[in-house]
>>> print(open('start.csv').read())   # CSV, C-alpha atoms
chain,number,residue,atom,x,y,z
A,264,MET,CA,159.4,99.3,120.6
A,265,ASN,CA,159.7,95.8,119.1
A,266,LYS,CA,158.6,94.7,115.7
A,267,GLU,CA,155.3,93.3,116.8
A,268,ASP,CA,154.2,96.5,118.2
A,269,GLU,CA,155.2,98.3,115.0
A,270,LYS,CA,153.1,95.8,113.0
A,271,LYS,CA,150.1,96.4,115.2
A,272,GLU,CA,150.5,100.1,114.9
A,273,ASP,CA,150.6,99.8,111.1
A,274,GLN,CA,147.4,97.7,111.2
A,275,ASN,CA,145.8,100.3,113.4
A,276,GLN,CA,146.7,103.1,111.0
A,277,ASP,CA,145.3,101.1,108.1
A,278,GLN,CA,142.1,100.5,109.9
A,279,GLN,CA,141.9,104.2,110.8
A,280,ALA,CA,142.3,105.1,107.2
A,281,ASN,CA,139.4,102.8,106.3
A,282,SER,CA,137.0,104.2,108.9
A,283,SER,CA,134.9,107.0,107.6
A,284,SER,CA,134.2,109.0,110.7
A,285,ILE,CA,136.0,110.2,113.8
A,286,VAL,CA,133.4,108.3,115.8
A,287,GLN,CA,134.8,105.0,114.6
A,288,LYS,CA,138.3,106.0,115.6
A,289,ILE,CA,137.2,106.7,119.1
A,290,GLN,CA,135.3,103.5,119.2
A,291,GLN,CA,138.4,101.5,118.3
A,292,LEU,CA,140.1,103.0,121.3
A,293,GLY,CA,137.3,101.7,123.5
A,294,GLN,CA,135.7,105.1,123.9
A,295,SER,CA,132.6,106.6,122.6
A,296,ASN,CA,131.4,110.2,122.5
A,297,ILE,CA,128.0,109.5,121.2
A,298,PRO,CA,125.7,111.4,123.6
A,299,ALA,CA,123.4,108.8,125.3
A,300,ALA,CA,120.0,109.6,123.9
A,301,PRO,CA,117.2,109.2,126.4
A,302,ASP,CA,115.4,105.9,126.1
A,303,SER,CA,112.3,106.3,124.0
A,304,ASN,CA,109.1,105.3,125.7
A,305,ILE,CA,107.6,104.6,122.3
A,306,HIS,CA,108.9,101.9,120.1
A,307,VAL,CA,108.4,101.5,116.4
A,308,LEU,CA,107.7,98.4,114.5
A,309,SER,CA,107.9,98.7,110.7
A,310,ILE,CA,106.3,96.1,108.5
A,311,ILE,CA,107.7,96.5,105.1
A,312,GLY,CA,107.7,94.6,101.8
A,313,GLN,CA,106.4,91.0,102.0
A,314,VAL,CA,105.4,89.4,105.2
A,315,GLU,CA,107.6,86.3,105.2
A,316,GLY,CA,106.4,83.1,106.7
A,317,HIS,CA,107.3,79.5,106.6
A,318,ILE,CA,109.2,79.7,103.4
A,319,GLN,CA,112.1,82.0,102.8
A,320,LEU,CA,111.4,84.2,99.9
A,321,PRO,CA,114.1,84.9,97.2
A,322,PRO,CA,116.5,87.7,98.3
A,323,GLN,CA,115.3,90.4,95.9
A,324,ASN,CA,112.1,90.5,97.9
A,325,LYS,CA,112.1,93.1,100.6
A,326,THR,CA,110.7,91.1,103.5
A,327,THR,CA,109.6,91.4,107.1
A,328,LYS,CA,110.3,88.1,108.9
A,329,TYR,CA,107.9,87.1,111.6
A,330,GLU,CA,110.5,85.3,113.5
A,331,HIS,CA,112.2,88.6,114.0
A,332,LEU,CA,109.1,90.5,115.0
A,333,LEU,CA,107.5,88.1,117.4
A,334,PRO,CA,110.3,88.2,120.0
A,335,GLN,CA,110.5,92.0,119.6
A,336,LEU,CA,106.8,92.2,120.4
A,337,ILE,CA,107.4,90.1,123.6
A,338,ALA,CA,110.3,92.4,124.5
A,339,ILE,CA,108.1,95.4,124.1
A,340,GLU,CA,105.4,93.9,126.3
A,341,GLN,CA,107.9,92.9,128.9
A,342,ASN,CA,110.0,96.2,129.1
A,343,PRO,CA,108.5,98.5,131.7
A,344,LYS,CA,110.2,101.5,130.0
A,345,ILE,CA,108.3,101.1,126.8
A,346,GLU,CA,104.8,102.6,127.2
A,347,GLY,CA,103.5,102.4,123.7
A,348,MET,CA,104.1,101.1,120.2
A,349,ILE,CA,103.6,102.5,116.7
A,350,ILE,CA,103.3,100.2,113.7
A,351,LEU,CA,104.3,101.5,110.4
A,352,LEU,CA,102.9,99.6,107.5
A,353,ASN,CA,104.0,99.7,103.9
A,354,THR,CA,103.4,96.1,102.8
A,355,VAL,CA,102.2,94.2,99.8
A,356,GLY,CA,100.9,91.3,101.9
A,357,GLY,CA,102.4,87.9,102.2
A,358,ASP,CA,102.1,84.7,104.2
A,359,VAL,CA,98.6,84.4,105.6
A,360,GLU,CA,99.6,82.6,108.8
A,361,ALA,CA,102.6,84.8,109.5
A,362,GLY,CA,100.5,87.9,109.0
A,363,LEU,CA,97.7,86.6,111.2
A,364,ALA,CA,100.3,85.6,113.9
A,365,LEU,CA,101.6,89.2,113.8
A,366,ALA,CA,98.1,90.6,113.9
A,367,GLU,CA,97.1,88.5,116.9
A,368,MET,CA,100.3,89.3,118.8
A,369,ILE,CA,99.7,93.0,118.2
A,370,ALA,CA,96.1,92.8,119.2
A,371,SER,CA,96.9,91.0,122.4
A,372,ILE,CA,99.6,93.4,123.6
A,373,SER,CA,98.5,95.2,126.8
A,374,LYS,CA,100.3,98.4,126.0
A,375,PRO,CA,98.7,101.1,123.8
A,376,THR,CA,99.3,100.5,120.0
A,377,VAL,CA,98.7,102.7,117.0
A,378,SER,CA,99.2,101.9,113.4
A,379,ILE,CA,99.8,104.1,110.3
A,380,VAL,CA,99.3,102.7,106.8
A,381,LEU,CA,101.7,104.7,104.7
A,382,GLY,CA,102.1,103.8,101.1
A,383,GLY,CA,100.1,100.6,101.1
A,384,GLY,CA,98.7,98.0,103.4
A,385,HIS,CA,97.6,95.4,101.0
A,386,SER,CA,96.0,91.9,101.6
A,387,ILE,CA,97.4,90.5,104.8
A,388,GLY,CA,98.5,94.1,105.8
A,389,VAL,CA,94.8,94.8,106.4
A,390,PRO,CA,94.4,92.6,109.5
A,391,ILE,CA,97.8,93.9,110.8
A,392,ALA,CA,96.6,97.5,110.4
A,393,VAL,CA,93.4,96.9,112.2
A,394,ALA,CA,94.9,94.9,115.0
A,395,THR,CA,96.1,98.0,116.9
A,396,ASP,CA,94.0,100.0,119.4
A,397,HIS,CA,93.8,102.8,116.9
A,398,SER,CA,94.6,102.8,113.2
A,399,PHE,CA,95.5,105.7,110.9
A,400,ILE,CA,95.9,105.8,107.1
A,401,ALA,CA,97.8,108.4,105.2
A,402,PRO,CA,95.5,110.2,102.7
A,403,THR,CA,97.4,108.8,99.8
A,404,ALA,CA,97.8,105.3,101.1
A,405,THR,CA,95.9,102.3,99.7
A,406,MET,CA,94.7,99.0,100.9
A,407,THR,CA,93.9,96.2,98.4
A,408,ILE,CA,91.2,93.9,99.6
A,409,HIS,CA,90.9,90.8,97.5
A,410,PRO,CA,90.2,87.0,98.0
A,411,VAL,CA,92.9,84.5,98.9
A,412,ARG,CA,94.0,82.8,95.7
A,413,LEU,CA,96.0,79.8,94.7
A,414,THR,CA,98.2,79.1,91.7
A,415,GLY,CA,99.9,75.9,90.7
A,416,LEU,CA,99.0,72.2,90.9
A,417,VAL,CA,96.1,71.3,93.1
A,418,ILE,CA,95.6,67.8,94.4
A,419,GLY,CA,92.2,67.3,95.9
A,420,VAL,CA,90.2,70.2,94.6
A,421,PRO,CA,87.2,70.1,97.0
A,422,GLN,CA,89.4,69.8,100.0
A,423,THR,CA,91.7,72.6,98.8
A,424,PHE,CA,88.7,74.8,98.2
A,425,GLU,CA,87.4,74.2,101.7
A,426,TYR,CA,90.8,74.9,103.2
A,427,LEU,CA,91.2,78.2,101.2
A,428,ASP,CA,87.7,79.2,102.2
A,429,LYS,CA,88.5,78.7,105.9
A,430,MET,CA,91.8,80.6,105.4
A,431,GLN,CA,89.8,83.5,104.0
A,432,ASP,CA,87.3,83.3,106.8
A,433,ARG,CA,90.1,83.6,109.3
A,434,VAL,CA,91.2,86.9,107.7
A,435,ILE,CA,87.6,88.2,107.4
A,436,ASN,CA,86.8,87.3,111.0
A,437,PHE,CA,89.9,89.0,112.3
A,438,VAL,CA,89.2,92.2,110.4
A,439,ILE,CA,85.6,92.5,111.3
A,440,ASN,CA,86.4,91.7,115.0
A,441,HIS,CA,89.0,94.4,115.2
A,442,SER,CA,87.6,97.2,113.1
A,443,ASN,CA,84.2,98.9,112.6
A,444,ILE,CA,83.6,97.5,109.2
A,445,LYS,CA,80.6,95.2,108.8
A,446,GLU,CA,81.1,91.7,107.5
A,447,GLU,CA,78.8,92.2,104.5
A,448,LYS,CA,80.6,95.4,103.5
A,449,PHE,CA,84.1,93.8,103.8
A,450,LYS,CA,83.0,90.8,101.6
A,451,ASP,CA,81.4,93.2,99.1
A,452,LEU,CA,84.8,95.0,98.8
A,453,MET,CA,86.7,91.7,98.6
A,454,PHE,CA,84.6,90.2,95.8
A,455,ALA,CA,83.9,93.4,93.9
A,456,LYS,CA,84.4,93.2,90.1
A,457,GLY,CA,85.8,95.8,87.8
A,458,ASN,CA,88.1,97.6,90.2
A,459,LEU,CA,91.3,95.7,89.8
A,460,THR,CA,92.6,94.9,86.3
A,461,ARG,CA,93.4,91.2,86.6
A,462,ASP,CA,91.6,90.3,89.8
A,463,ILE,CA,88.5,90.7,91.8
A,464,GLY,CA,88.6,93.0,94.8
A,465,THR,CA,88.9,96.7,95.7
A,466,ASN,CA,91.7,99.2,96.1
A,467,VAL,CA,90.6,101.3,99.1
A,468,VAL,CA,92.3,104.7,99.3
A,469,GLY,CA,92.8,106.8,102.4
A,470,ALA,CA,89.6,108.5,103.4
A,471,ASP,CA,87.5,105.7,101.8
A,472,ALA,CA,89.0,103.2,104.3
A,473,VAL,CA,87.8,105.4,107.1
A,474,ASP,CA,84.3,105.8,105.6
A,475,TYR,CA,84.0,102.0,105.4
A,476,GLY,CA,84.9,101.7,109.0
A,477,LEU,CA,88.0,99.7,108.3
A,478,ILE,CA,90.5,102.3,109.6
A,479,ASP,CA,89.8,104.7,112.5
A,480,GLY,CA,91.2,107.9,111.0
A,481,VAL,CA,93.1,109.6,108.3
A,482,GLY,CA,96.4,111.0,109.5
A,483,GLY,CA,100.1,110.7,109.7
A,484,VAL,CA,102.8,110.9,112.3
A,485,LYS,CA,101.4,113.9,114.2
A,486,GLU,CA,98.0,112.4,114.6
A,487,ALA,CA,99.4,108.9,115.5
A,488,MET,CA,101.8,110.3,118.1
A,489,ALA,CA,99.0,112.5,119.7
A,490,LYS,CA,96.7,109.5,119.8
A,491,LEU,CA,99.3,107.2,121.3
A,492,ASN,CA,100.3,109.7,124.0
A,493,GLU,CA,96.6,110.1,124.8
A,494,LEU,CA,96.2,106.3,125.1
A,495,ILE,CA,99.4,106.1,127.2
A,496,GLY,CA,97.9,108.9,129.5
A,497,GLN,CA,94.7,106.9,129.9
A,498,THR,CA,96.6,103.7,130.8
A,499,ASN,CA,98.8,105.5,133.3
A,500,GLU,CA,95.7,107.0,134.9
A,501,THR,CA,93.9,103.7,135.3
A,502,GLY,CA,97.1,102.2,136.6
A,503,LYS,CA,97.3,104.9,139.3
A,504,GLN,CA,93.7,104.3,140.3
A,505,VAL,CA,94.3,100.6,140.8
A,506,ILE,CA,97.2,101.3,143.1
A,507,GLN,CA,95.2,103.7,145.2
B,96,MET,CA,102.2,78.1,102.6
B,97,ILE,CA,99.6,80.5,101.2
B,98,LEU,CA,100.6,84.0,100.1
B,99,TYR,CA,97.9,86.6,100.4
B,100,THR,CA,99.2,89.4,98.1
B,101,PRO,CA,98.3,91.2,95.0
B,102,LEU,CA,101.7,90.4,93.4
B,103,THR,CA,102.0,87.7,90.9
B,104,GLN,CA,104.0,84.5,91.6
B,105,GLU,CA,106.6,85.5,89.1
B,106,GLU,CA,107.2,88.8,90.9
B,107,ILE,CA,107.9,86.9,94.2
B,108,PHE,CA,109.7,83.9,92.8
B,109,PRO,CA,111.9,84.9,89.8
B,110,GLU,CA,114.7,82.8,88.4
B,111,GLU,CA,117.5,81.8,90.8
B,112,GLU,CA,119.9,84.5,91.9
B,113,ASN,CA,122.9,84.2,94.2
B,114,THR,CA,123.4,86.6,97.0
B,115,ASN,CA,125.4,86.7,100.2
B,116,ARG,CA,122.9,88.2,102.5
B,117,GLU,CA,123.1,87.2,106.2
B,118,TYR,CA,121.4,88.1,109.4
B,119,ILE,CA,123.9,88.7,112.3
B,120,THR,CA,123.9,90.3,115.7
B,121,TYR,CA,126.1,93.3,116.0
B,122,GLU,CA,126.5,95.3,119.2
B,123,GLY,CA,123.4,93.7,120.6
B,124,ARG,CA,121.2,94.5,117.6
B,125,SER,CA,120.1,92.2,114.8
B,126,ILE,CA,121.2,93.5,111.5
B,127,CYS,CA,121.0,92.3,107.9
B,128,VAL,CA,124.3,92.4,106.1
B,129,ASP,CA,125.8,91.7,102.7
B,130,LYS,CA,129.2,90.1,102.5
B,131,THR,CA,131.4,92.2,100.2
B,132,ALA,CA,134.0,90.8,97.8
B,133,GLU,CA,136.8,91.6,100.4
B,134,GLY,CA,135.0,89.4,103.0
B,135,ARG,CA,133.7,92.3,105.0
B,136,TYR,CA,130.2,93.0,106.1
B,137,GLN,CA,128.1,95.9,104.8
B,138,LEU,CA,125.0,96.8,106.7
B,139,VAL,CA,121.8,96.6,104.7
B,140,GLN,CA,119.1,96.9,107.3
B,141,LEU,CA,118.8,97.3,111.1
B,142,LEU,CA,116.1,95.3,112.8
B,143,SER,CA,115.1,97.2,115.9
B,144,THR,CA,112.0,98.7,117.4
B,145,ASP,CA,113.9,101.4,119.3
B,146,PRO,CA,113.7,104.6,117.2
B,147,GLN,CA,116.9,105.9,118.8
B,148,ASP,CA,118.9,103.0,117.3
B,149,PHE,CA,118.2,104.4,113.9
B,150,LEU,CA,119.9,107.7,114.8
B,151,ASP,CA,123.1,105.9,115.8
B,152,ASP,CA,125.9,106.2,113.3
B,153,LYS,CA,126.9,102.6,114.0
B,154,PHE,CA,123.8,101.4,112.3
B,155,THR,CA,123.7,103.5,109.2
B,156,PRO,CA,122.8,101.5,106.1
B,157,GLY,CA,125.7,101.0,103.8
B,158,ARG,CA,128.3,101.1,106.6
B,159,ILE,CA,131.1,98.6,106.4
B,160,LEU,CA,131.4,96.9,109.7
B,161,PRO,CA,134.9,97.2,111.3
>>> encode(input="start.csv", output="structure tokens")
Amino acid sequence: MNKEDEKKEDQNQDQQANSSSIVQKIQQLGQSNIPAAPDSNIHVLSIIGQVEGHIQLPPQNKTTKYEHLLPQLIAIEQNPKIEGMIILLNTVGGDVEAGLALAEMIASISKPTVSIVLGGGHSIGVPIAVATDHSFIAPTATMTIHPVRLTGLVIGVPQTFEYLDKMQDRVINFVINHSNIKEEKFKDLMFAKGNLTRDIGTNVVGADAVDYGLIDGVGGVKEAMAKLNELIGQTNETGKQVIQ
Amino acid sequence: MILYTPLTQEEIFPEEENTNREYITYEGRSICVDKTAEGRYQLVQLLSTDPQDFLDDKFTPGRILP
């Protein structure tokens, strides 16, 4: 054995010492003993923290970047092995246009989709939650519905007001088109006074969201999986009929 | 850009802070990593829609990439 080989072996040993598990050692030898899990026919998209849009938010924000999610949604639509998608929401809102982009993408996917609002689905999380075929909310989860606001220097007040108003209408229209809530009711919640400390709006909790028609049902993983499998069954049946 | 969120502006945009967070592709998956002082990468977050990926030891958060 020459010196170079010895050096390499030393390095190998060092690396092995660093690796925390036996799996890593096996991987370094080009082998893997991880049992191949069967491909899941249901994929999961988690929307967490801030929905990040055109501007990169400071790193201490936990963000969901729409440029990561949009290609994933296309991949889900394209992959014949994927039959359904679950969306997990625990978001505090974020960029209006990124949120609406995600919501529109989710709404226009041909495969069955189900969403679960877990801790919170606030602001722009609302249109994302209702974009799916069926939506669930955990009994303890909340959704804050409030107007779109602006802080900072404003140049051209009437035009800015007009723009914000339109922006808000886009959110309202999307929500009323994709859920059972009436426009009047949604606007009532959005402009309600006395519910939020420093703001106008409403904090809608679990069952209330279902009562208002915003969300389809109260439930968690079990209910969402059952519903998704039911929807997948329906799609498969109609698919078969078309072939026949 | 318009943010639609109940958080205040200060909560989202605090004073400047340096980090070494990066998004890289590792074993065919997009992951978010922090560069450690020794110049190695530590996995922060896995970006995947496949639930099986999250059961894979290779993508456990906190793992130092070899």
>>> interface_residues(input="start.csv", of="chain A", to="chain B", cutoff="7 Å", atoms="all atoms listed in the file", output="mmCIF file with C-alpha atoms, keeping the file's coordinate frame")
data_model
loop_
_atom_site.group_PDB
_atom_site.id
_atom_site.type_symbol
_atom_site.label_atom_id
_atom_site.label_comp_id
_atom_site.auth_asym_id
_atom_site.auth_seq_id
_atom_site.Cartn_x
_atom_site.Cartn_y
_atom_site.Cartn_z
ATOM 1 C CA SER A 303 112.300 106.300 124.000
ATOM 2 C CA HIS A 306 108.900 101.900 120.100
ATOM 3 C CA VAL A 307 108.400 101.500 116.400
ATOM 4 C CA LEU A 308 107.700 98.400 114.500
ATOM 5 C CA HIS A 317 107.300 79.500 106.600
ATOM 6 C CA PRO A 321 114.100 84.900 97.200
ATOM 7 C CA ASN A 324 112.100 90.500 97.900
ATOM 8 C CA VAL A 355 102.200 94.200 99.800
ATOM 9 C CA GLY A 356 100.900 91.300 101.900
ATOM 10 C CA GLY A 357 102.400 87.900 102.200
ATOM 11 C CA ASP A 358 102.100 84.700 104.200
ATOM 12 C CA VAL A 359 98.600 84.400 105.600
ATOM 13 C CA HIS A 385 97.600 95.400 101.000
ATOM 14 C CA SER A 386 96.000 91.900 101.600
ATOM 15 C CA ILE A 387 97.400 90.500 104.800
ATOM 16 C CA VAL A 411 92.900 84.500 98.900
#
>>> residues_around(input="start.csv", residues="segment 389-393 of chain A", least_positions_apart="6", cutoff="8 Å", atoms="only C-alpha atoms", output="compact mmCIF listing (two decimals) with C-alpha atoms, in the coordinates of the input")
# COMPACT_ATOMS: atom_id res chain seq x y z
CA ILE A 350 103.30 100.20 113.70
CA LEU A 352 102.90 99.60 107.50
CA GLY A 362 100.50 87.90 109.00
CA LEU A 363 97.70 86.60 111.20
CA LEU A 365 101.60 89.20 113.80
CA ALA A 366 98.10 90.60 113.90
CA ILE A 369 99.70 93.00 118.20
CA SER A 378 99.20 101.90 113.40
CA ILE A 379 99.80 104.10 110.30
CA VAL A 380 99.30 102.70 106.80
CA MET A 406 94.70 99.00 100.90
CA ILE A 408 91.20 93.90 99.60
CA VAL A 434 91.20 86.90 107.70
CA PHE A 437 89.90 89.00 112.30
CA VAL A 438 89.20 92.20 110.40
CA HIS A 441 89.00 94.40 115.20
CA SER A 442 87.60 97.20 113.10
CA LEU A 477 88.00 99.70 108.30
CA ILE A 478 90.50 102.30 109.60
>>> atom_distance(input="start.csv", atom1="atom CA of Lys374 of chain A", atom2="atom CA of Glu500 of chain A")
13.2 Å
>>> residues_around(input="start.csv", residues="Ile119 of chain B", least_positions_apart="6", cutoff="10 Å", atoms="all atoms listed in the file", output="list in words")
Ser125, Ile126, Cys127, Val128, Tyr136 and Leu138 of chain B
>>> atom_distance(input="start.csv", atom1="atom CA of Ala401 of chain A", atom2="atom CA of Asp471 of chain A")
11.2 Å
>>> atom_distance(input="start.csv", atom1="atom CA of Leu452 of chain A", atom2="atom CA of His409 of chain A")
7.5 Å
>>> closest_residue(input="start.csv", among="B:Tyr118, B:Glu105, B:Pro156, B:Gly123", to="Gln140 of chain B", atoms="all atoms listed in the file")
B:Pro156
>>> residues_around(input="start.csv", residues="segment 479-481 of chain A", least_positions_apart="3", cutoff="12 Å", atoms="only C-alpha atoms", output="compact mmCIF listing (two decimals) with C-alpha atoms, in the coordinates of the input")
# COMPACT_ATOMS: atom_id res chain seq x y z
CA VAL A 377 98.70 102.70 117.00
CA SER A 378 99.20 101.90 113.40
CA ILE A 379 99.80 104.10 110.30
CA VAL A 380 99.30 102.70 106.80
CA LEU A 381 101.70 104.70 104.70
CA ALA A 392 96.60 97.50 110.40
CA VAL A 393 93.40 96.90 112.20
CA ALA A 394 94.90 94.90 115.00
CA THR A 395 96.10 98.00 116.90
CA ASP A 396 94.00 100.00 119.40
CA HIS A 397 93.80 102.80 116.90
CA SER A 398 94.60 102.80 113.20
CA PHE A 399 95.50 105.70 110.90
CA ILE A 400 95.90 105.80 107.10
CA ALA A 401 97.80 108.40 105.20
CA PRO A 402 95.50 110.20 102.70
CA THR A 403 97.40 108.80 99.80
CA ALA A 404 97.80 105.30 101.10
CA THR A 405 95.90 102.30 99.70
CA HIS A 441 89.00 94.40 115.20
CA SER A 442 87.60 97.20 113.10
CA ASN A 443 84.20 98.90 112.60
CA ILE A 444 83.60 97.50 109.20
CA VAL A 468 92.30 104.70 99.30
CA GLY A 469 92.80 106.80 102.40
CA ALA A 470 89.60 108.50 103.40
CA ASP A 471 87.50 105.70 101.80
CA ALA A 472 89.00 103.20 104.30
CA VAL A 473 87.80 105.40 107.10
CA ASP A 474 84.30 105.80 105.60
CA TYR A 475 84.00 102.00 105.40
CA GLY A 476 84.90 101.70 109.00
CA VAL A 484 102.80 110.90 112.30
CA LYS A 485 101.40 113.90 114.20
CA GLU A 486 98.00 112.40 114.60
CA ALA A 487 99.40 108.90 115.50
CA LYS A 490 96.70 109.50 119.80
>>> closest_residue(input="start.csv", among="A:Lys503, A:Val467, A:Leu427, A:Ser309", to="Leu141 of chain B", atoms="only C-alpha atoms")
A:Ser309
>>> decode(input="start.csv", residues="segment 482-493 of chain A", atoms="C-alpha atoms", output="PDB file, in the first residue's frame")
ATOM      1  CA  GLY A 482     -61.501  17.840  11.084  1.00  0.00           C
ATOM      2  CA  GLY A 483     -57.923  16.740  11.033  1.00  0.00           C
ATOM      3  CA  VAL A 484     -55.753  14.175   9.294  1.00  0.00           C
ATOM      4  CA  LYS A 485     -58.222  11.290   9.529  1.00  0.00           C
ATOM      5  CA  GLU A 486     -61.108  13.234   7.998  1.00  0.00           C
ATOM      6  CA  ALA A 487     -58.895  14.789   5.336  1.00  0.00           C
ATOM      7  CA  MET A 488     -57.411  11.436   4.271  1.00  0.00           C
ATOM      8  CA  ALA A 489     -60.856   9.817   4.178  1.00  0.00           C
ATOM      9  CA  LYS A 490     -62.214  12.661   2.043  1.00  0.00           C
ATOM     10  CA  LEU A 491     -59.211  12.636  -0.268  1.00  0.00           C
ATOM     11  CA  ASN A 492     -59.446   8.868  -0.794  1.00  0.00           C
ATOM     12  CA  GLU A 493     -63.153   9.254  -1.497  1.00  0.00           C
TER      13      GLU A 493
END
